[in-house]
$ cat start22.pdb   # PDB, C-alpha atoms and all ligand atoms
ATOM      1  CA  MET A  63      -0.039 -18.787  -5.998
ATOM      2  CA  SER A  64       3.313 -17.515  -4.787
ATOM      3  CA  ASN A  65       2.023 -14.020  -4.160
ATOM      4  CA  TYR A  66      -1.552 -12.873  -3.689
ATOM      5  CA  TYR A  67      -0.695  -9.668  -5.520
ATOM      6  CA  ASP A  68      -0.121 -11.678  -8.718
ATOM      7  CA  TRP A  69      -3.815 -12.459  -8.611
ATOM      8  CA  ILE A  70      -5.187  -9.004  -7.776
ATOM      9  CA  ALA A  71      -2.803  -6.958  -9.956
ATOM     10  CA  ASP A  72      -5.497  -6.022 -12.490
ATOM     11  CA  ARG A  73      -7.848  -4.834  -9.714
ATOM     12  CA  TYR A  74      -5.278  -3.221  -7.461
ATOM     13  CA  ASP A  75      -5.527   0.445  -8.486
ATOM     14  CA  VAL A  76      -9.287   0.542  -8.950
ATOM     15  CA  THR A  77      -9.884  -0.870  -5.471
ATOM     16  CA  ARG A  78      -7.467   1.591  -3.827
ATOM     17  CA  PRO A  79      -8.587   4.932  -5.240
ATOM     18  CA  LEU A  80      -5.948   7.661  -5.195
ATOM     19  CA  PRO A  81      -7.116  10.555  -7.392
ATOM     20  CA  THR A  82      -4.514  11.776  -9.914
ATOM     21  CA  SER A  83      -4.520  15.284  -8.439
ATOM     22  CA  ILE A  84      -3.714  13.797  -5.026
ATOM     23  CA  SER A  85      -0.915  11.517  -6.225
ATOM     24  CA  GLU A  86       0.587  14.524  -8.058
ATOM     25  CA  GLN A  87       0.341  16.518  -4.806
ATOM     26  CA  VAL A  88       2.068  13.695  -2.929
ATOM     27  CA  ALA A  89       4.825  13.631  -5.582
ATOM     28  CA  ASP A  90       5.297  17.416  -5.252
ATOM     29  CA  CYS A  91       5.586  17.014  -1.489
ATOM     30  CA  ILE A  92       8.148  14.183  -1.780
ATOM     31  CA  LEU A  93      10.256  16.001  -4.373
ATOM     32  CA  ASN A  94      10.321  19.152  -2.215
ATOM     33  CA  LEU A  95      11.093  17.193   0.895
ATOM     34  CA  VAL A  96      14.117  15.424  -0.600
ATOM     35  CA  LYS A  97      15.205  18.551  -2.527
ATOM     36  CA  ALA A  98      15.251  16.449  -5.683
ATOM     37  CA  THR A  99      17.559  17.325  -8.568
ATOM     38  CA  PRO A 100      17.252  15.614 -11.957
ATOM     39  CA  GLU A 101      19.931  13.148 -10.791
ATOM     40  CA  THR A 102      18.395  12.192  -7.437
ATOM     41  CA  THR A 103      18.129   8.402  -7.407
ATOM     42  CA  PHE A 104      14.998   6.754  -6.007
ATOM     43  CA  LEU A 105      14.290   3.201  -4.860
ATOM     44  CA  GLU A 106      10.879   1.742  -4.069
ATOM     45  CA  PRO A 107      10.836  -1.813  -2.721
ATOM     46  CA  GLY A 108       7.369  -3.296  -3.332
ATOM     47  CA  ILE A 109       6.636  -0.758  -6.058
ATOM     48  CA  GLY A 110       3.640  -2.758  -7.259
ATOM     49  CA  THR A 111       1.622  -0.909  -9.893
ATOM     50  CA  GLY A 112       3.415   2.344  -9.069
ATOM     51  CA  ARG A 113       0.280   3.634  -7.415
ATOM     52  CA  THR A 114       2.392   5.987  -5.276
ATOM     53  CA  SER A 115       5.485   6.531  -7.387
ATOM     54  CA  PHE A 116       4.014   6.848 -10.902
ATOM     55  CA  PRO A 117       4.013  10.695 -10.896
ATOM     56  CA  ILE A 118       7.687  10.755  -9.838
ATOM     57  CA  ILE A 119       8.675   8.191 -12.491
ATOM     58  CA  LYS A 120       6.665  10.096 -15.105
ATOM     59  CA  ARG A 121       8.644  13.257 -14.343
ATOM     60  CA  GLY A 122      11.823  11.442 -15.416
ATOM     61  CA  TYR A 123      13.744  10.899 -12.173
ATOM     62  CA  PRO A 124      16.144   7.915 -12.110
ATOM     63  CA  PHE A 125      13.895   5.407 -10.349
ATOM     64  CA  THR A 126      14.436   1.762  -9.410
ATOM     65  CA  GLY A 127      11.437  -0.320  -8.445
ATOM     66  CA  ILE A 128      11.602  -3.852  -7.155
ATOM     67  CA  ASP A 129       8.726  -6.223  -6.514
ATOM     68  CA  ILE A 130       8.151  -9.928  -6.048
ATOM     69  CA  SER A 131       5.110  -9.844  -8.353
ATOM     70  CA  PRO A 132       5.602  -9.644 -12.148
ATOM     71  CA  PRO A 133       1.870  -8.960 -12.790
ATOM     72  CA  MET A 134       1.937  -5.926 -10.470
ATOM     73  CA  MET A 135       4.964  -4.516 -12.315
ATOM     74  CA  ALA A 136       3.324  -5.326 -15.660
ATOM     75  CA  GLN A 137       0.481  -2.960 -14.703
ATOM     76  CA  LEU A 138       3.039  -0.209 -14.113
ATOM     77  CA  ARG A 139       4.796  -0.901 -17.423
ATOM     78  CA  GLN A 140       1.438  -0.628 -19.158
ATOM     79  CA  LYS A 141       0.676   2.739 -17.516
ATOM     80  CA  LEU A 142       4.083   4.007 -18.665
ATOM     81  CA  GLN A 143       3.646   3.042 -22.304
ATOM     82  CA  GLY A 144       4.673   5.995 -24.481
ATOM     83  CA  ILE A 145       5.946   8.022 -21.513
ATOM     84  CA  PRO A 146       9.718   8.653 -21.512
ATOM     85  CA  ASN A 147      11.168   7.540 -18.179
ATOM     86  CA  ARG A 148      14.287   6.355 -16.374
ATOM     87  CA  LEU A 149      12.665   3.441 -14.523
ATOM     88  CA  THR A 150      14.476   0.180 -13.812
ATOM     89  CA  LEU A 151      12.149  -2.611 -12.670
ATOM     90  CA  ILE A 152      13.534  -5.761 -11.082
ATOM     91  CA  GLN A 153      11.679  -8.817  -9.857
ATOM     92  CA  THR A 154      13.279  -9.665  -6.539
ATOM     93  CA  ASP A 155      12.622 -10.045  -2.824
ATOM     94  CA  ALA A 156      12.759  -6.941  -0.644
ATOM     95  CA  SER A 157      14.272  -9.047   2.153
ATOM     96  CA  SER A 158      17.552  -9.178   0.236
ATOM     97  CA  LEU A 159      18.098  -6.270  -2.137
ATOM     98  CA  PRO A 160      20.437  -6.877  -5.089
ATOM     99  CA  PHE A 161      22.208  -3.523  -4.719
ATOM    100  CA  ALA A 162      25.541  -2.424  -3.294
ATOM    101  CA  ASP A 163      25.680  -0.474  -0.031
ATOM    102  CA  ASN A 164      25.198   3.306  -0.350
ATOM    103  CA  THR A 165      23.461   3.268  -3.735
ATOM    104  CA  PHE A 166      20.315   5.446  -3.505
ATOM    105  CA  ASP A 167      19.550   9.024  -2.456
ATOM    106  CA  VAL A 168      15.926   8.268  -1.537
ATOM    107  CA  ALA A 169      14.104   5.063  -0.621
ATOM    108  CA  MET A 170      10.357   4.917  -0.210
ATOM    109  CA  THR A 171       7.852   2.228   0.691
ATOM    110  CA  THR A 172       4.066   2.283   0.730
ATOM    111  CA  HIS A 173       2.312  -0.569   2.520
ATOM    112  CA  MET A 174       5.017  -3.097   1.750
ATOM    113  CA  LEU A 175       7.037  -3.926   4.847
ATOM    114  CA  HIS A 176       4.111  -5.743   6.470
ATOM    115  CA  CYS A 177       4.223  -8.239   3.564
ATOM    116  CA  LEU A 178       7.649  -9.483   4.601
ATOM    117  CA  PRO A 179       8.176 -12.379   7.016
ATOM    118  CA  ASN A 180      10.629 -10.117   8.859
ATOM    119  CA  TRP A 181       9.947  -6.428   8.261
ATOM    120  CA  LEU A 182      12.973  -5.363  10.309
ATOM    121  CA  GLN A 183      15.170  -7.222   7.829
ATOM    122  CA  GLY A 184      13.494  -5.351   4.947
ATOM    123  CA  LEU A 185      14.123  -2.107   6.794
ATOM    124  CA  ALA A 186      17.797  -3.037   7.383
ATOM    125  CA  GLU A 187      18.184  -3.707   3.665
ATOM    126  CA  ILE A 188      16.770  -0.290   2.807
ATOM    127  CA  ARG A 189      19.150   1.328   5.289
ATOM    128  CA  ARG A 190      22.096  -0.571   3.806
ATOM    129  CA  VAL A 191      21.460   0.559   0.216
ATOM    130  CA  LEU A 192      20.755   4.205   1.128
ATOM    131  CA  LYS A 193      23.611   6.694   0.793
ATOM    132  CA  PRO A 194      24.802   8.126   4.135
ATOM    133  CA  LYS A 195      22.812  11.320   3.546
ATOM    134  CA  GLY A 196      19.932   9.389   2.027
ATOM    135  CA  ILE A 197      16.315   9.861   3.066
ATOM    136  CA  TYR A 198      13.792   7.113   3.777
ATOM    137  CA  LEU A 199      10.066   7.765   3.337
ATOM    138  CA  ALA A 200       7.581   5.317   4.848
ATOM    139  CA  CYS A 201       4.261   6.219   3.214
ATOM    140  CA  GLU A 202       0.815   5.370   4.559
ATOM    141  CA  ASN A 203      -2.572   5.870   2.966
ATOM    142  CA  LEU A 204      -4.778   3.952   5.351
ATOM    143  CA  LEU A 205      -8.485   3.112   5.374
ATOM    144  CA  THR A 206     -10.740   6.096   5.984
ATOM    145  CA  GLU A 207     -13.517   6.229   8.580
ATOM    146  CA  HIS A 208     -16.281   5.404   6.077
ATOM    147  CA  GLN A 209     -14.261   2.487   4.704
ATOM    148  CA  LYS A 210     -13.637   1.123   8.207
ATOM    149  CA  ALA A 211     -17.300   1.519   9.174
ATOM    150  CA  PHE A 212     -18.406  -0.122   5.915
ATOM    151  CA  GLU A 213     -16.326  -3.263   6.413
ATOM    152  CA  LYS A 214     -17.042  -3.634  10.147
ATOM    153  CA  PRO A 215     -20.129  -5.871   9.666
ATOM    154  CA  LEU A 216     -18.233  -7.985   7.126
ATOM    155  CA  ARG A 217     -15.535  -8.535   9.747
ATOM    156  CA  GLU A 218     -18.267  -9.580  12.194
ATOM    157  CA  PHE A 219     -19.824 -12.037   9.717
ATOM    158  CA  LEU A 220     -16.377 -13.448   8.980
ATOM    159  CA  ALA A 221     -15.640 -13.925  12.680
ATOM    160  CA  LEU A 222     -19.014 -15.646  13.141
ATOM    161  CA  TYR A 223     -18.475 -18.214  10.358
ATOM    162  CA  GLN A 224     -14.808 -18.609  11.128
ATOM    163  CA  SER A 225     -15.670 -19.814  14.639
ATOM    164  CA  GLU A 226     -18.490 -22.020  13.242
ATOM    165  CA  VAL A 227     -16.151 -24.034  11.008
ATOM    166  CA  LYS A 228     -13.342 -23.809  13.556
ATOM    167  CA  ALA A 229     -11.003 -23.017  10.670
ATOM    168  CA  LEU A 230      -7.734 -21.315  11.242
ATOM    169  CA  PRO A 231      -7.174 -18.137   9.254
ATOM    170  CA  GLN A 232      -5.047 -18.735   6.182
ATOM    171  CA  GLU A 233      -1.689 -17.140   6.128
ATOM    172  CA  GLY A 234      -1.673 -13.679   4.635
ATOM    173  CA  PRO A 235      -0.113 -10.290   5.144
ATOM    174  CA  ARG A 236      -0.701  -8.810   8.582
ATOM    175  CA  LEU A 237      -2.515  -5.624   7.738
ATOM    176  CA  ARG A 238      -1.546  -3.138  10.351
ATOM    177  CA  PRO A 239      -0.157   0.350  10.284
ATOM    178  CA  PHE A 240       3.422   0.823  11.349
ATOM    179  CA  GLY A 241       2.853   4.412  12.493
ATOM    180  CA  GLN A 242       4.401   4.867  15.915
ATOM    181  CA  GLU A 243       6.186   1.508  15.825
ATOM    182  CA  MET A 244       8.032   2.634  12.714
ATOM    183  CA  VAL A 245       8.874   6.009  14.293
ATOM    184  CA  GLN A 246      10.262   4.286  17.385
ATOM    185  CA  VAL A 247      12.447   1.842  15.437
ATOM    186  CA  LEU A 248      13.839   4.526  13.139
ATOM    187  CA  THR A 249      14.530   6.848  16.075
ATOM    188  CA  GLU A 250      16.280   4.083  18.026
ATOM    189  CA  GLN A 251      18.465   3.513  14.973
ATOM    190  CA  GLY A 252      19.614   7.128  15.108
ATOM    191  CA  ALA A 253      17.308   8.723  12.537
ATOM    192  CA  THR A 254      15.770  12.144  12.870
ATOM    193  CA  VAL A 255      12.115  11.427  12.207
ATOM    194  CA  GLU A 256       9.189  13.630  11.257
ATOM    195  CA  ILE A 257       5.671  12.731  10.165
ATOM    196  CA  ILE A 258       4.210  14.756   7.325
ATOM    197  CA  THR A 259       0.697  14.815   5.929
ATOM    198  CA  ALA A 260       1.404  15.041   2.210
ATOM    199  CA  ALA A 261      -2.260  15.214   1.242
ATOM    200  CA  ARG A 262      -5.663  15.384   2.854
ATOM    201  CA  TRP A 263      -8.807  15.060   0.780
ATOM    202  CA  ARG A 264     -12.455  14.036   0.860
ATOM    203  CA  LEU A 265     -12.841  10.521  -0.491
ATOM    204  CA  GLU A 266     -16.318   9.707  -1.788
ATOM    205  CA  GLN A 267     -17.393   6.208  -2.848
ATOM    206  CA  THR A 268     -20.706   4.562  -3.605
ATOM    207  CA  VAL A 269     -21.876   1.544  -1.648
ATOM    208  CA  GLY A 270     -21.536  -0.412  -4.919
ATOM    209  CA  GLU A 271     -17.897   0.629  -5.332
ATOM    210  CA  LEU A 272     -17.163  -0.374  -1.755
ATOM    211  CA  LEU A 273     -18.942  -3.718  -2.156
ATOM    212  CA  ASN A 274     -16.977  -4.412  -5.339
ATOM    213  CA  VAL A 275     -13.709  -4.321  -3.407
ATOM    214  CA  TYR A 276     -14.903  -7.393  -1.490
ATOM    215  CA  ARG A 277     -16.706  -8.980  -4.446
ATOM    216  CA  MET A 278     -13.352  -8.849  -6.248
ATOM    217  CA  LYS A 279     -11.583 -10.228  -3.153
ATOM    218  CA  ALA A 280      -9.144  -7.379  -3.571
ATOM    219  CA  VAL A 281      -8.089  -6.737   0.035
ATOM    220  CA  GLY A 282      -6.371  -8.722   2.777
ATOM    221  CA  LEU A 283      -9.539  -9.256   4.781
ATOM    222  CA  CYS A 284     -10.874 -11.477   1.960
ATOM    223  CA  TRP A 285      -7.901 -13.740   1.576
ATOM    224  CA  THR A 286      -7.135 -14.523   5.206
ATOM    225  CA  ALA A 287     -10.497 -16.297   5.622
ATOM    226  CA  PRO A 288     -11.006 -19.762   4.096
ATOM    227  CA  ASP A 289     -13.065 -19.603   0.876
ATOM    228  CA  GLN A 290     -16.214 -21.197   2.313
ATOM    229  CA  VAL A 291     -16.165 -18.782   5.253
ATOM    230  CA  PHE A 292     -15.691 -15.793   2.969
ATOM    231  CA  SER A 293     -18.552 -16.864   0.655
ATOM    232  CA  LYS A 294     -20.949 -17.337   3.569
ATOM    233  CA  ALA A 295     -19.989 -13.975   5.080
ATOM    234  CA  MET A 296     -20.504 -12.199   1.740
ATOM    235  CA  ALA A 297     -23.893 -13.893   1.298
ATOM    236  CA  LYS A 298     -24.945 -12.127   4.519
ATOM    237  CA  PHE A 299     -23.010  -8.898   4.014
ATOM    238  CA  ILE A 300     -24.370  -7.939   0.568
ATOM    239  CA  PRO A 301     -28.092  -8.051   1.532
ATOM    240  CA  TRP A 302     -27.194  -6.428   4.863
ATOM    241  CA  SER A 303     -25.581  -3.519   2.978
ATOM    242  CA  HIS A 304     -28.561  -3.158   0.645
ATOM    243  CA  GLU A 305     -30.913  -3.022   3.604
ATOM    244  CA  ASN A 306     -28.739  -0.717   5.672
ATOM    245  CA  TYR A 307     -27.852   1.804   2.945
ATOM    246  CA  GLY A 308     -30.939   1.449   0.718
ATOM    247  CA  SER A 309     -29.110   1.315  -2.597
ATOM    248  CA  GLU A 310     -25.698   0.628  -4.124
ATOM    249  CA  ASP A 311     -25.794   4.191  -5.519
ATOM    250  CA  VAL A 312     -25.708   5.803  -2.085
ATOM    251  CA  ARG A 313     -22.505   7.798  -1.630
ATOM    252  CA  LEU A 314     -20.364   7.562   1.498
ATOM    253  CA  ALA A 315     -17.507   9.916   2.243
ATOM    254  CA  SER A 316     -14.846  10.773   4.772
ATOM    255  CA  GLU A 317     -11.439  12.386   5.008
ATOM    256  CA  ALA A 318      -8.496  10.502   3.529
ATOM    257  CA  THR A 319      -4.870  11.256   4.292
ATOM    258  CA  PHE A 320      -1.525  10.371   2.788
ATOM    259  CA  GLU A 321       1.077  10.433   5.526
ATOM    260  CA  ILE A 322       4.822  10.064   5.288
ATOM    261  CA  THR A 323       7.215   9.126   8.068
ATOM    262  CA  VAL A 324      10.457  10.768   6.987
ATOM    263  CA  ALA A 325      13.807   9.489   8.275
ATOM    264  CA  HIS A 326      16.871  11.739   7.887
ATOM    265  CA  ASN A 327      20.431  10.870   8.980
ATOM    266  CA  TRP A 328      19.438   7.222   9.335
ATOM    267  CA  ALA A 329      21.806   5.479   6.971
ATOM    268  CA  SER A 330      24.881   7.282   8.269
ATOM    269  CA  GLY A 331      24.624   5.667  11.735
TER     270      GLY A 331
HETATM  271  C1  LIG B 401       0.166  -3.318  -0.705
HETATM  272  S1  LIG B 401       1.137  -3.457  -2.179
HETATM  273  C2  LIG B 401       1.851  -1.850  -2.288
HETATM  274  C3  LIG B 401       2.113  -1.431  -3.712
HETATM  275  C4  LIG B 401       2.597   0.002  -3.895
HETATM  276  N1  LIG B 401       3.780   0.274  -3.134
HETATM  277  C5  LIG B 401       1.539   1.036  -3.573
HETATM  278  O1  LIG B 401       1.909   2.160  -3.227
HETATM  279  O2  LIG B 401       0.343   0.785  -3.686
HETATM  280  C6  LIG B 401       2.487  -4.439  -1.646
HETATM  281  C7  LIG B 401       3.467  -4.764  -2.751
HETATM  282  O3  LIG B 401       4.604  -5.429  -2.181
HETATM  283  C8  LIG B 401       4.932  -6.530  -3.011
HETATM  284  N2  LIG B 401       5.636  -7.533  -2.214
HETATM  285  C9  LIG B 401       5.104  -8.425  -1.341
HETATM  286  N3  LIG B 401       6.080  -9.172  -0.794
HETATM  287  C10 LIG B 401       7.238  -8.741  -1.337
HETATM  288  C11 LIG B 401       8.602  -9.124  -1.174
HETATM  289  N4  LIG B 401       8.943 -10.095  -0.338
HETATM  290  N5  LIG B 401       9.535  -8.487  -1.909
HETATM  291  C12 LIG B 401       9.185  -7.494  -2.775
HETATM  292  N6  LIG B 401       7.916  -7.088  -2.955
HETATM  293  C13 LIG B 401       6.956  -7.704  -2.246
HETATM  294  C14 LIG B 401       3.612  -7.020  -3.573
HETATM  295  O4  LIG B 401       3.786  -7.804  -4.736
HETATM  296  C15 LIG B 401       2.900  -5.699  -3.819
HETATM  297  O5  LIG B 401       3.166  -5.194  -5.098
END
$ encode --input "start22.pdb" --output "structure tokens" --more "lines below"
Ligand SMILES: C[S@@+](CC[C@H](N)C(=O)[O-])C[C@H]1O[C@@H](n2cnc3c(N)ncnc32)[C@H](O)[C@@H]1O
Amino acid sequence: MSNYYDWIADRYDVTRPLPTSISEQVADCILNLVKATPETTFLEPGIGTGRTSFPIIKRGYPFTGIDISPPMMAQLRQKLQGIPNRLTLIQTDASSLPFADNTFDVAMTTHMLHCLPNWLQGLAEIRRVLKPKGIYLACENLLTEHQKAFEKPLREFLALYQSEVKALPQEGPRLRPFGQEMVQVLTEQGATVEIITAARWRLEQTVGELLNVYRMKAVGLCWTAPDQVFSKAMAKFIPWSHENYGSEDVRLASEATFEITVAHNWASG
């Protein structure tokens, strides 16, 4: 498998819930922020299923999405069936963008740069293809408190079995927020940076829905462990969850946020 996302494309959106009203709110925020006109050109490297950008594409803005994974982009094409749009989708590597310098008014990424072997190179490519007055938006919609608390015992079971078989973790994306690191790099490169909370909402999920994310092996935690380690950890984690929460119907909730690190005057430097 060249890209793990090829394999999880059909489960991607359902395992990363972003309510429609919230993604519309995020789109409103982005369009206001960049003072979009009907001709504002957008680029999203690692567009995936369009989980973030779908509402912007749907509103007809000229939008270019690139991704290494055809199945992820196929999900987006399917969602857009029958909806007029000005989307160009290209299968390519974000480490080397096939666009001339100074092409786009706005570039945005959501949870993509960490997938690259060298995220600074991906960032340099984005800077290169942005117009001098272009705006870069690094979006983050990270795990909530209830999601982190829910997966903590699974992480512990994984660590236990991992050390038992003395297996090295398989290579996979390093899942970490860029947050302050991103702010520092962009600032050092001359950008004026602000962090905006585009949306804040209460995310509610049942224990069953949360368990399904791991049953479907739909997040990074599941694919960095060797298969036998993951199976053993799940065999412990599922009964543990039933005992701890009482039922798969129990609802857990906490505050979710969609944050955007906005870089102005970055590409002109
Ligand atoms: C975590 S997903 C994010 C998808 C989407 N941006 C979102 O908001 O949910 C990461 C995406 O980056 C893509 N990707 C991974 N490595 C890539 C690369 N080298 N070049 C382009 N896209 C890549 C994956 O196929 C996947 O669609």
$ residues_around --input "start22.pdb" --residues "Leu95 of chain A" --least-positions-apart "6" --cutoff "12 Å" --atoms "all atoms listed in the file" --output "list in words"
Val88, Ala89, Val168, Gly196, Ile197, Tyr198, Leu199, Glu256, Ile257, Ile258, Thr259, Ala260, Ile322, Thr323, Val324, Ala325 and His326 of chain A
$ resolve_selection --input "start22.pdb" --expression "the PyMOL selection byres (((chain A and resi 101) around 10) and not hetatm)" --output "number ranges by chain"
A: 98-100, 102-104, 122-125, 167
$ residues_near_ligand --input "start22.pdb" --ligand "ligand LIG 401 (chain B)" --cutoff "8 Å" --atoms "all atoms listed in the file" --output "PDB file with C-alpha atoms, in the coordinates of the input"
ATOM      1  CA  ASN A  65       2.023 -14.020  -4.160  1.00  0.00           C
ATOM      2  CA  TYR A  66      -1.552 -12.873  -3.689  1.00  0.00           C
ATOM      3  CA  TYR A  67      -0.695  -9.668  -5.520  1.00  0.00           C
ATOM      4  CA  ASP A  68      -0.121 -11.678  -8.718  1.00  0.00           C
ATOM      5  CA  ALA A  71      -2.803  -6.958  -9.956  1.00  0.00           C
ATOM      6  CA  TYR A  74      -5.278  -3.221  -7.461  1.00  0.00           C
ATOM      7  CA  ASP A  75      -5.527   0.445  -8.486  1.00  0.00           C
ATOM      8  CA  ARG A  78      -7.467   1.591  -3.827  1.00  0.00           C
ATOM      9  CA  GLU A 106      10.879   1.742  -4.069  1.00  0.00           C
ATOM     10  CA  PRO A 107      10.836  -1.813  -2.721  1.00  0.00           C
ATOM     11  CA  GLY A 108       7.369  -3.296  -3.332  1.00  0.00           C
ATOM     12  CA  ILE A 109       6.636  -0.758  -6.058  1.00  0.00           C
ATOM     13  CA  GLY A 110       3.640  -2.758  -7.259  1.00  0.00           C
ATOM     14  CA  THR A 111       1.622  -0.909  -9.893  1.00  0.00           C
ATOM     15  CA  GLY A 112       3.415   2.344  -9.069  1.00  0.00           C
ATOM     16  CA  ARG A 113       0.280   3.634  -7.415  1.00  0.00           C
ATOM     17  CA  THR A 114       2.392   5.987  -5.276  1.00  0.00           C
ATOM     18  CA  SER A 115       5.485   6.531  -7.387  1.00  0.00           C
ATOM     19  CA  ILE A 128      11.602  -3.852  -7.155  1.00  0.00           C
ATOM     20  CA  ASP A 129       8.726  -6.223  -6.514  1.00  0.00           C
ATOM     21  CA  ILE A 130       8.151  -9.928  -6.048  1.00  0.00           C
ATOM     22  CA  SER A 131       5.110  -9.844  -8.353  1.00  0.00           C
ATOM     23  CA  PRO A 132       5.602  -9.644 -12.148  1.00  0.00           C
ATOM     24  CA  MET A 134       1.937  -5.926 -10.470  1.00  0.00           C
ATOM     25  CA  MET A 135       4.964  -4.516 -12.315  1.00  0.00           C
ATOM     26  CA  GLN A 153      11.679  -8.817  -9.857  1.00  0.00           C
ATOM     27  CA  THR A 154      13.279  -9.665  -6.539  1.00  0.00           C
ATOM     28  CA  ASP A 155      12.622 -10.045  -2.824  1.00  0.00           C
ATOM     29  CA  ALA A 156      12.759  -6.941  -0.644  1.00  0.00           C
ATOM     30  CA  SER A 157      14.272  -9.047   2.153  1.00  0.00           C
ATOM     31  CA  THR A 171       7.852   2.228   0.691  1.00  0.00           C
ATOM     32  CA  THR A 172       4.066   2.283   0.730  1.00  0.00           C
ATOM     33  CA  HIS A 173       2.312  -0.569   2.520  1.00  0.00           C
ATOM     34  CA  MET A 174       5.017  -3.097   1.750  1.00  0.00           C
ATOM     35  CA  LEU A 175       7.037  -3.926   4.847  1.00  0.00           C
ATOM     36  CA  CYS A 177       4.223  -8.239   3.564  1.00  0.00           C
ATOM     37  CA  LEU A 178       7.649  -9.483   4.601  1.00  0.00           C
ATOM     38  CA  PRO A 179       8.176 -12.379   7.016  1.00  0.00           C
ATOM     39  CA  CYS A 201       4.261   6.219   3.214  1.00  0.00           C
TER      40      CYS A 201
END
$ closest_residue --input "start22.pdb" --among "A:Ala295, A:Leu272, A:Leu265, A:Val96" --to "Gln224 of chain A" --atoms "only C-alpha atoms"
A:Ala295
$ closest_residue --input "start22.pdb" --among "A:Ser303, A:Ser83, A:Thr165, A:Gln242" --to "Asn274 of chain A" --atoms "all atoms listed in the file"
A:Ser303
$ closest_residue --input "start22.pdb" --among "A:Ser316, A:Val291, A:Gly308, A:Ser85" --to "Glu218 of chain A" --atoms "all atoms listed in the file"
A:Val291
$ residues_around --input "start22.pdb" --residues "Ala329 of chain A" --least-positions-apart "3" --cutoff "12 Å" --atoms "all atoms listed in the file" --output "list of chain:residue names"
A:Asp163, A:Asn164, A:Thr165, A:Phe166, A:Asp167, A:Val168, A:Ala169, A:Leu185, A:Ala186, A:Glu187, A:Ile188, A:Arg189, A:Arg190, A:Val191, A:Leu192, A:Lys193, A:Pro194, A:Lys195, A:Gly196, A:Ile197, A:Tyr198, A:Leu248, A:Thr249, A:Gln251, A:Gly252, A:Ala253, A:Thr254, A:Ala325, A:His326
$ atom_distance --input "start22.pdb" --atom1 "atom CA of Leu283 of chain A" --atom2 "atom CA of Ala136 of chain A"
24.5 Å
$ atom_distance --input "start22.pdb" --atom1 "atom CA of Lys214 of chain A" --atom2 "atom CA of Val76 of chain A"
21.0 Å
$ atom_distance --input "start22.pdb" --atom1 "atom CA of Glu310 of chain A" --atom2 "atom CA of Glu271 of chain A"
7.9 Å
$ resolve_selection --input "start22.pdb" --expression "the PyMOL selection byres (((chain A and resi 273) around 12) and not hetatm)" --output "PyMOL selection string"
chain A and resi 77+209+212-213+216+267-272+274-281+284+296-297+299-304+307+309-312+314
$ write_last_selection --input "start22.pdb" --atoms "C-alpha atoms" --output "PDB file, keeping the file's coordinate frame"
ATOM      1  CA  THR A  77      -9.884  -0.870  -5.471  1.00  0.00           C
ATOM      2  CA  GLN A 209     -14.261   2.487   4.704  1.00  0.00           C
ATOM      3  CA  PHE A 212     -18.406  -0.122   5.915  1.00  0.00           C
ATOM      4  CA  GLU A 213     -16.326  -3.263   6.413  1.00  0.00           C
ATOM      5  CA  LEU A 216     -18.233  -7.985   7.126  1.00  0.00           C
ATOM      6  CA  GLN A 267     -17.393   6.208  -2.848  1.00  0.00           C
ATOM      7  CA  THR A 268     -20.706   4.562  -3.605  1.00  0.00           C
ATOM      8  CA  VAL A 269     -21.876   1.544  -1.648  1.00  0.00           C
ATOM      9  CA  GLY A 270     -21.536  -0.412  -4.919  1.00  0.00           C
ATOM     10  CA  GLU A 271     -17.897   0.629  -5.332  1.00  0.00           C
ATOM     11  CA  LEU A 272     -17.163  -0.374  -1.755  1.00  0.00           C
ATOM     12  CA  ASN A 274     -16.977  -4.412  -5.339  1.00  0.00           C
ATOM     13  CA  VAL A 275     -13.709  -4.321  -3.407  1.00  0.00           C
ATOM     14  CA  TYR A 276     -14.903  -7.393  -1.490  1.00  0.00           C
ATOM     15  CA  ARG A 277     -16.706  -8.980  -4.446  1.00  0.00           C
ATOM     16  CA  MET A 278     -13.352  -8.849  -6.248  1.00  0.00           C
ATOM     17  CA  LYS A 279     -11.583 -10.228  -3.153  1.00  0.00           C
ATOM     18  CA  ALA A 280      -9.144  -7.379  -3.571  1.00  0.00           C
ATOM     19  CA  VAL A 281      -8.089  -6.737   0.035  1.00  0.00           C
ATOM     20  CA  CYS A 284     -10.874 -11.477   1.960  1.00  0.00           C
ATOM     21  CA  MET A 296     -20.504 -12.199   1.740  1.00  0.00           C
ATOM     22  CA  ALA A 297     -23.893 -13.893   1.298  1.00  0.00           C
ATOM     23  CA  PHE A 299     -23.010  -8.898   4.014  1.00  0.00           C
ATOM     24  CA  ILE A 300     -24.370  -7.939   0.568  1.00  0.00           C
ATOM     25  CA  PRO A 301     -28.092  -8.051   1.532  1.00  0.00           C
ATOM     26  CA  TRP A 302     -27.194  -6.428   4.863  1.00  0.00           C
ATOM     27  CA  SER A 303     -25.581  -3.519   2.978  1.00  0.00           C
ATOM     28  CA  HIS A 304     -28.561  -3.158   0.645  1.00  0.00           C
ATOM     29  CA  TYR A 307     -27.852   1.804   2.945  1.00  0.00           C
ATOM     30  CA  SER A 309     -29.110   1.315  -2.597  1.00  0.00           C
ATOM     31  CA  GLU A 310     -25.698   0.628  -4.124  1.00  0.00           C
ATOM     32  CA  ASP A 311     -25.794   4.191  -5.519  1.00  0.00           C
ATOM     33  CA  VAL A 312     -25.708   5.803  -2.085  1.00  0.00           C
ATOM     34  CA  LEU A 314     -20.364   7.562   1.498  1.00  0.00           C
TER      35      LEU A 314
END
